[in-house]
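I have placed the structure first, in the form of structure tokens, so that the comments after it can refer back to it.
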Amino acid sequence: MIKKIEILDIQLDNYTVSEAMLQVETYLNNTVMNTIEDISMEMLVLAGEDEVLKECIEHLDLAIVSEKEILKAAGVNSVQRIRETVDKQFFAEFMKRIIRNNKTVYLFGETRQQTGQLTAFLKESYARLQIAGSFSMEDCVGDFDGVVNEINIVTPDVIFSVLPTPRQEYFLMENKEKINAKIWYGLGSGYEKVHGVSYIRRQAKKLLHRGMLKRMLSRYNQEK
């Protein structure tokens, strides 16, 4: 199986879940912070117009394709990879690994509401998870050094981020080397439970970005 795929001139990882988890095991024993992000169609559409975002995506240590449409657009037809992606199997295995190994997590969001929703989801779904702390960007006063200090006081093993793109990627580009953690995992909104109006809104947004991605791919292929 091809381990790298290319879409819109962006290189993405194409590991199976078991292969990706071998990478995670290495990250948990590293002395520097490694970066993981779930990659959505929305991110690829934005990266097509934002060189900084594109560069950050390509420099992630592990880019997890989170939507099957990306795989199909890149020509990946593996039943295993599509099933793993649809079922969010990487996230499930990642959670099992950090809980089993008693790793601590720190939650990072844009607003207190957003961070609170992530906290509630994790406590309900993963009762044994050790949440060491959280921070919301709306509480940031001054530059990002204060945010970094808040995280480093706790020294978590894993940071779960639900900062929006591209704010998350800009923050990472500027502060990655300063943060004392093993793994930064940008979750996006894929972790959320599917329910009610939120689900309908997400599906409508997905259809919009799917159409935009197809148009961008068509234009990209014509220009090559």
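Going by the structure tokens order, chains are called A, B, ..., each with residues numbered from 1, while ligands are numbered from 1 in the order shown.
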
Exercise for review: Write out as a ChimeraX atom specification which residues come within 12 Å of Gly116 (chain A) when counting only C-alpha atoms, dropping same-chain ones fewer than 5 positions away.
Suggested key: /A:107-111,121-123,133-136,162

Could you write out that same residue set with all heavy atoms as an mmCIF file, in the first residue's frame?
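The new file out_28.cif reads:
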```
data_model
loop_
_atom_site.group_PDB
_atom_site.id
_atom_site.type_symbol
_atom_site.label_atom_id
_atom_site.label_comp_id
_atom_site.auth_asym_id
_atom_site.auth_seq_id
_atom_site.Cartn_x
_atom_site.Cartn_y
_atom_site.Cartn_z
ATOM 1 N N LEU A 107 -6.289 19.868 27.428
ATOM 2 C CA LEU A 107 -7.283 20.249 26.425
ATOM 3 C C LEU A 107 -7.132 21.720 26.074
ATOM 4 O O LEU A 107 -7.026 22.578 26.953
ATOM 5 C CB LEU A 107 -8.692 19.964 26.950
ATOM 6 C CG LEU A 107 -8.898 18.579 27.589
ATOM 7 C CD1 LEU A 107 -10.353 18.395 27.991
ATOM 8 C CD2 LEU A 107 -8.457 17.476 26.641
ATOM 9 N N PHE A 108 -7.160 22.020 24.797
ATOM 10 C CA PHE A 108 -6.860 23.360 24.300
ATOM 11 C C PHE A 108 -7.885 23.747 23.248
ATOM 12 O O PHE A 108 -8.037 23.063 22.225
ATOM 13 C CB PHE A 108 -5.454 23.347 23.699
ATOM 14 C CG PHE A 108 -4.867 24.698 23.425
ATOM 15 C CD1 PHE A 108 -5.301 25.845 24.072
ATOM 16 C CD2 PHE A 108 -3.847 24.819 22.500
ATOM 17 C CE1 PHE A 108 -4.731 27.080 23.816
ATOM 18 C CE2 PHE A 108 -3.258 26.041 22.229
ATOM 19 C CZ PHE A 108 -3.710 27.178 22.888
ATOM 20 N N GLY A 109 -8.628 24.825 23.491
ATOM 21 C CA GLY A 109 -9.651 25.252 22.552
ATOM 22 C C GLY A 109 -9.665 26.749 22.345
ATOM 23 O O GLY A 109 -8.929 27.494 22.999
ATOM 24 N N GLU A 110 -10.515 27.201 21.459
ATOM 25 C CA GLU A 110 -10.622 28.627 21.169
ATOM 26 C C GLU A 110 -11.429 29.359 22.235
ATOM 27 O O GLU A 110 -11.059 30.435 22.684
ATOM 28 C CB GLU A 110 -11.281 28.815 19.793
ATOM 29 C CG GLU A 110 -11.438 30.259 19.360
ATOM 30 C CD GLU A 110 -10.120 30.895 18.946
ATOM 31 O OE1 GLU A 110 -9.122 30.168 18.785
ATOM 32 O OE2 GLU A 110 -10.094 32.122 18.780
ATOM 33 N N THR A 111 -12.563 28.757 22.642
ATOM 34 C CA THR A 111 -13.435 29.386 23.633
ATOM 35 C C THR A 111 -13.642 28.452 24.818
ATOM 36 O O THR A 111 -13.422 27.238 24.723
ATOM 37 C CB THR A 111 -14.806 29.712 23.019
ATOM 38 O OG1 THR A 111 -15.478 28.482 22.677
ATOM 39 C CG2 THR A 111 -14.669 30.573 21.772
ATOM 40 N N PHE A 121 -17.281 15.605 26.538
ATOM 41 C CA PHE A 121 -17.249 14.440 25.650
ATOM 42 C C PHE A 121 -16.254 13.394 26.142
ATOM 43 O O PHE A 121 -16.567 12.200 26.216
ATOM 44 C CB PHE A 121 -16.887 14.876 24.231
ATOM 45 C CG PHE A 121 -16.504 13.735 23.331
ATOM 46 C CD1 PHE A 121 -17.467 12.899 22.804
ATOM 47 C CD2 PHE A 121 -15.170 13.479 23.036
ATOM 48 C CE1 PHE A 121 -17.111 11.824 21.981
ATOM 49 C CE2 PHE A 121 -14.801 12.422 22.223
ATOM 50 C CZ PHE A 121 -15.783 11.590 21.696
ATOM 51 N N LEU A 122 -15.046 13.834 26.494
ATOM 52 C CA LEU A 122 -14.015 12.884 26.919
ATOM 53 C C LEU A 122 -14.360 12.222 28.246
ATOM 54 O O LEU A 122 -14.135 11.019 28.426
ATOM 55 C CB LEU A 122 -12.665 13.598 27.005
ATOM 56 C CG LEU A 122 -12.069 14.054 25.673
ATOM 57 C CD1 LEU A 122 -10.813 14.889 25.904
ATOM 58 C CD2 LEU A 122 -11.756 12.868 24.770
ATOM 59 N N LYS A 123 -14.922 12.990 29.174
ATOM 60 C CA LYS A 123 -15.285 12.413 30.471
ATOM 61 C C LYS A 123 -16.411 11.392 30.326
ATOM 62 O O LYS A 123 -16.432 10.372 31.024
ATOM 63 C CB LYS A 123 -15.691 13.520 31.437
ATOM 64 C CG LYS A 123 -14.517 14.328 31.974
ATOM 65 C CD LYS A 123 -14.961 15.349 33.010
ATOM 66 C CE LYS A 123 -13.757 16.050 33.636
ATOM 67 N NZ LYS A 123 -14.165 17.053 34.647
ATOM 68 N N GLY A 133 -5.508 19.221 32.677
ATOM 69 C CA GLY A 133 -5.812 20.643 32.658
ATOM 70 C C GLY A 133 -6.383 21.058 31.319
ATOM 71 O O GLY A 133 -6.514 20.249 30.390
ATOM 72 N N SER A 134 -6.730 22.339 31.201
ATOM 73 C CA SER A 134 -7.282 22.855 29.945
ATOM 74 C C SER A 134 -7.046 24.355 29.867
ATOM 75 O O SER A 134 -6.817 25.024 30.885
ATOM 76 C CB SER A 134 -8.781 22.551 29.843
ATOM 77 O OG SER A 134 -9.508 23.239 30.858
ATOM 78 N N PHE A 135 -7.127 24.886 28.642
ATOM 79 C CA PHE A 135 -6.971 26.326 28.445
ATOM 80 C C PHE A 135 -7.757 26.737 27.217
ATOM 81 O O PHE A 135 -7.840 25.990 26.234
ATOM 82 C CB PHE A 135 -5.498 26.692 28.247
ATOM 83 C CG PHE A 135 -5.239 28.176 28.273
ATOM 84 C CD1 PHE A 135 -5.036 28.835 29.474
ATOM 85 C CD2 PHE A 135 -5.212 28.914 27.096
ATOM 86 C CE1 PHE A 135 -4.809 30.210 29.500
ATOM 87 C CE2 PHE A 135 -4.989 30.273 27.113
ATOM 88 C CZ PHE A 135 -4.788 30.933 28.322
ATOM 89 N N SER A 136 -8.354 27.929 27.275
ATOM 90 C CA SER A 136 -9.103 28.481 26.151
ATOM 91 C C SER A 136 -8.434 29.765 25.695
ATOM 92 O O SER A 136 -8.067 30.614 26.515
ATOM 93 C CB SER A 136 -10.556 28.771 26.561
ATOM 94 O OG SER A 136 -11.168 27.596 27.051
ATOM 95 N N VAL A 162 -8.635 21.663 19.806
ATOM 96 C CA VAL A 162 -9.784 21.874 18.919
ATOM 97 C C VAL A 162 -9.803 23.329 18.448
ATOM 98 O O VAL A 162 -10.855 23.891 18.148
ATOM 99 C CB VAL A 162 -11.125 21.494 19.599
ATOM 100 C CG1 VAL A 162 -11.277 19.996 19.677
ATOM 101 C CG2 VAL A 162 -11.256 22.111 20.993
#
```

Exercise for review: Would you kindly return, as a PyMOL selection string, each protein, DNA or RNA residue with an atom no farther than 6 Å from any atom of region 7-12 of chain A, considering only C-alpha atoms and excluding same-chain residues fewer than 6 positions away?
Suggested key: chain A and resi 58+63+74

Filtering to C-alpha atoms, could you give me those residues as an mmCIF file, in the first residue's frame?
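Result file out18.cif:
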```
data_model
loop_
_atom_site.group_PDB
_atom_site.id
_atom_site.type_symbol
_atom_site.label_atom_id
_atom_site.label_comp_id
_atom_site.auth_asym_id
_atom_site.auth_seq_id
_atom_site.Cartn_x
_atom_site.Cartn_y
_atom_site.Cartn_z
ATOM 1 C CA GLU A 58 3.062 18.898 5.112
ATOM 2 C CA ALA A 63 -1.455 13.532 9.047
ATOM 3 C CA ALA A 74 -6.420 10.833 -4.280
#
```

Check your understanding: Got a sec: who's within 9 Å of Asn34 (chain A), counting only C-alpha atoms, leaving out chain neighbours fewer than 3 positions off, as a list in words?
Key -> Val24, Tyr27, Leu28, Asn30, Leu60, Asp61, Leu62, Lys176, Ala181, Lys182, Ile183, Trp184 and Tyr185 of chain A

Strand (DSSP E) per DSSP on the backbone: members of chain A, as a PDB file with C-alpha atoms, in the first residue's frame:
```pdb
ATOM      1  CA  LYS A   4       1.999   8.817   0.878  1.00  0.00           C
ATOM      2  CA  ILE A   5      -0.758  10.324  -1.226  1.00  0.00           C
ATOM      3  CA  GLU A   6      -0.883  13.688  -2.972  1.00  0.00           C
ATOM      4  CA  ILE A   7      -3.883  15.939  -3.382  1.00  0.00           C
ATOM      5  CA  ILE A  10      -0.166  18.476  -0.686  1.00  0.00           C
ATOM      6  CA  GLN A  11       1.507  15.331   0.640  1.00  0.00           C
ATOM      7  CA  LEU A  12      -0.528  13.328   3.177  1.00  0.00           C
ATOM      8  CA  ASP A  13       0.202  10.116   5.072  1.00  0.00           C
ATOM      9  CA  ASN A  34       5.447  15.342  17.699  1.00  0.00           C
ATOM     10  CA  THR A  35       2.397  16.648  15.855  1.00  0.00           C
ATOM     11  CA  ILE A  36      -0.701  14.796  14.670  1.00  0.00           C
ATOM     12  CA  GLU A  37      -3.757  16.311  13.020  1.00  0.00           C
ATOM     13  CA  ASP A  38      -6.989  14.986  11.555  1.00  0.00           C
ATOM     14  CA  ILE A  39      -7.124  16.354   7.994  1.00  0.00           C
ATOM     15  CA  LEU A  62       1.427  12.289  11.213  1.00  0.00           C
ATOM     16  CA  ALA A  63      -1.455  13.532   9.047  1.00  0.00           C
ATOM     17  CA  ILE A  64      -4.604  11.450   9.595  1.00  0.00           C
ATOM     18  CA  VAL A  65      -7.066  11.593   6.703  1.00  0.00           C
ATOM     19  CA  THR A 104      -2.091  12.592  30.869  1.00  0.00           C
ATOM     20  CA  VAL A 105      -3.893  14.915  28.452  1.00  0.00           C
ATOM     21  CA  TYR A 106      -4.338  18.679  28.258  1.00  0.00           C
ATOM     22  CA  LEU A 107      -7.283  20.249  26.425  1.00  0.00           C
ATOM     23  CA  PHE A 108      -6.860  23.360  24.300  1.00  0.00           C
ATOM     24  CA  GLY A 109      -9.651  25.252  22.552  1.00  0.00           C
ATOM     25  CA  GLN A 130      -6.481  11.466  33.006  1.00  0.00           C
ATOM     26  CA  ILE A 131      -7.259  15.097  32.119  1.00  0.00           C
ATOM     27  CA  ALA A 132      -4.479  17.213  33.629  1.00  0.00           C
ATOM     28  CA  GLY A 133      -5.812  20.643  32.658  1.00  0.00           C
ATOM     29  CA  SER A 134      -7.282  22.855  29.945  1.00  0.00           C
ATOM     30  CA  PHE A 135      -6.971  26.326  28.445  1.00  0.00           C
ATOM     31  CA  SER A 136      -9.103  28.481  26.151  1.00  0.00           C
ATOM     32  CA  VAL A 158      -0.743  14.671  25.038  1.00  0.00           C
ATOM     33  CA  ILE A 159      -2.382  17.949  24.053  1.00  0.00           C
ATOM     34  CA  PHE A 160      -5.801  17.644  22.428  1.00  0.00           C
ATOM     35  CA  SER A 161      -6.466  20.781  20.390  1.00  0.00           C
ATOM     36  CA  ILE A 183       2.156  14.726  21.276  1.00  0.00           C
ATOM     37  CA  TRP A 184       0.026  17.539  19.913  1.00  0.00           C
ATOM     38  CA  TYR A 185      -3.157  16.070  18.414  1.00  0.00           C
ATOM     39  CA  GLY A 186      -5.367  18.466  16.436  1.00  0.00           C
TER      40      GLY A 186
END
```

Review point. Among region 3-214 of chain A, which ones does DSSP place in alpha helix (DSSP H), written as a VMD selection string?
Key: chain A and resid 17 to 27 41 to 47 51 to 58 68 to 73 79 to 86 89 to 100 112 to 125 145 to 154 167 to 175 196 to 214

Excluding same-chain residues fewer than 3 positions from Phe144 (chain A), what lies within 9 Å of it counting only C-alpha atoms, as a PDB file with all heavy atoms, in the first residue's frame?
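So the final result, stored in result.pdb, reads:
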```
ATOM      1  N   CYS A 140      -6.553  34.183  26.904  1.00  0.00           N
ATOM      2  CA  CYS A 140      -5.166  34.590  26.702  1.00  0.00           C
ATOM      3  C   CYS A 140      -5.040  36.109  26.783  1.00  0.00           C
ATOM      4  O   CYS A 140      -5.755  36.836  26.095  1.00  0.00           O
ATOM      5  CB  CYS A 140      -4.663  34.093  25.341  1.00  0.00           C
ATOM      6  SG  CYS A 140      -2.986  34.591  24.948  1.00  0.00           S
ATOM      7  N   VAL A 141      -4.139  36.576  27.621  1.00  0.00           N
ATOM      8  CA  VAL A 141      -3.859  38.003  27.749  1.00  0.00           C
ATOM      9  C   VAL A 141      -2.435  38.248  27.259  1.00  0.00           C
ATOM     10  O   VAL A 141      -1.485  37.659  27.769  1.00  0.00           O
ATOM     11  CB  VAL A 141      -4.007  38.471  29.206  1.00  0.00           C
ATOM     12  CG1 VAL A 141      -3.663  39.954  29.323  1.00  0.00           C
ATOM     13  CG2 VAL A 141      -5.416  38.193  29.725  1.00  0.00           C
ATOM     14  N   VAL A 147       0.234  31.319  27.218  1.00  0.00           N
ATOM     15  CA  VAL A 147      -0.433  30.048  26.905  1.00  0.00           C
ATOM     16  C   VAL A 147       0.552  28.892  27.037  1.00  0.00           C
ATOM     17  O   VAL A 147       0.260  27.862  27.648  1.00  0.00           O
ATOM     18  CB  VAL A 147      -1.021  30.078  25.476  1.00  0.00           C
ATOM     19  CG1 VAL A 147      -1.720  28.767  25.160  1.00  0.00           C
ATOM     20  CG2 VAL A 147      -1.958  31.256  25.295  1.00  0.00           C
ATOM     21  N   VAL A 148       1.725  29.074  26.436  1.00  0.00           N
ATOM     22  CA  VAL A 148       2.759  28.037  26.483  1.00  0.00           C
ATOM     23  C   VAL A 148       3.152  27.742  27.930  1.00  0.00           C
ATOM     24  O   VAL A 148       3.308  26.573  28.319  1.00  0.00           O
ATOM     25  CB  VAL A 148       3.992  28.460  25.659  1.00  0.00           C
ATOM     26  CG1 VAL A 148       5.140  27.473  25.850  1.00  0.00           C
ATOM     27  CG2 VAL A 148       3.629  28.578  24.183  1.00  0.00           C
ATOM     28  N   ASN A 149       3.273  28.781  28.731  1.00  0.00           N
ATOM     29  CA  ASN A 149       3.620  28.585  30.142  1.00  0.00           C
ATOM     30  C   ASN A 149       2.553  27.789  30.881  1.00  0.00           C
ATOM     31  O   ASN A 149       2.867  26.929  31.719  1.00  0.00           O
ATOM     32  CB  ASN A 149       3.837  29.937  30.832  1.00  0.00           C
ATOM     33  CG  ASN A 149       5.127  30.612  30.396  1.00  0.00           C
ATOM     34  OD1 ASN A 149       6.054  29.956  29.929  1.00  0.00           O
ATOM     35  ND2 ASN A 149       5.179  31.929  30.530  1.00  0.00           N
ATOM     36  N   PHE A 171      -0.435  28.825  15.284  1.00  0.00           N
ATOM     37  CA  PHE A 171       0.058  28.692  16.663  1.00  0.00           C
ATOM     38  C   PHE A 171       1.166  27.645  16.730  1.00  0.00           C
ATOM     39  O   PHE A 171       2.204  27.848  17.379  1.00  0.00           O
ATOM     40  CB  PHE A 171      -1.092  28.314  17.595  1.00  0.00           C
ATOM     41  CG  PHE A 171      -0.676  28.149  19.032  1.00  0.00           C
ATOM     42  CD1 PHE A 171      -0.631  29.238  19.890  1.00  0.00           C
ATOM     43  CD2 PHE A 171      -0.318  26.901  19.531  1.00  0.00           C
ATOM     44  CE1 PHE A 171      -0.224  29.095  21.215  1.00  0.00           C
ATOM     45  CE2 PHE A 171       0.082  26.742  20.848  1.00  0.00           C
ATOM     46  CZ  PHE A 171       0.127  27.845  21.694  1.00  0.00           C
ATOM     47  N   GLU A 174       4.559  28.752  15.275  1.00  0.00           N
ATOM     48  CA  GLU A 174       5.262  29.727  16.107  1.00  0.00           C
ATOM     49  C   GLU A 174       5.755  29.146  17.426  1.00  0.00           C
ATOM     50  O   GLU A 174       6.777  29.610  17.963  1.00  0.00           O
ATOM     51  CB  GLU A 174       4.335  30.911  16.395  1.00  0.00           C
ATOM     52  CG  GLU A 174       4.985  32.052  17.148  1.00  0.00           C
ATOM     53  CD  GLU A 174       4.078  33.252  17.325  1.00  0.00           C
ATOM     54  OE1 GLU A 174       3.116  33.379  16.533  1.00  0.00           O
ATOM     55  OE2 GLU A 174       4.321  34.056  18.244  1.00  0.00           O
ATOM     56  N   ASN A 175       5.067  28.114  17.939  1.00  0.00           N
ATOM     57  CA  ASN A 175       5.334  27.702  19.325  1.00  0.00           C
ATOM     58  C   ASN A 175       5.707  26.240  19.523  1.00  0.00           C
ATOM     59  O   ASN A 175       5.967  25.827  20.657  1.00  0.00           O
ATOM     60  CB  ASN A 175       4.095  27.997  20.187  1.00  0.00           C
ATOM     61  CG  ASN A 175       3.769  29.471  20.224  1.00  0.00           C
ATOM     62  OD1 ASN A 175       4.412  30.255  20.909  1.00  0.00           O
ATOM     63  ND2 ASN A 175       2.745  29.862  19.469  1.00  0.00           N
TER      64      ASN A 175
END
```

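Relative to CA of Val86 (chain A), CA of Glu67 (chain A) is found at 6.6 Å.
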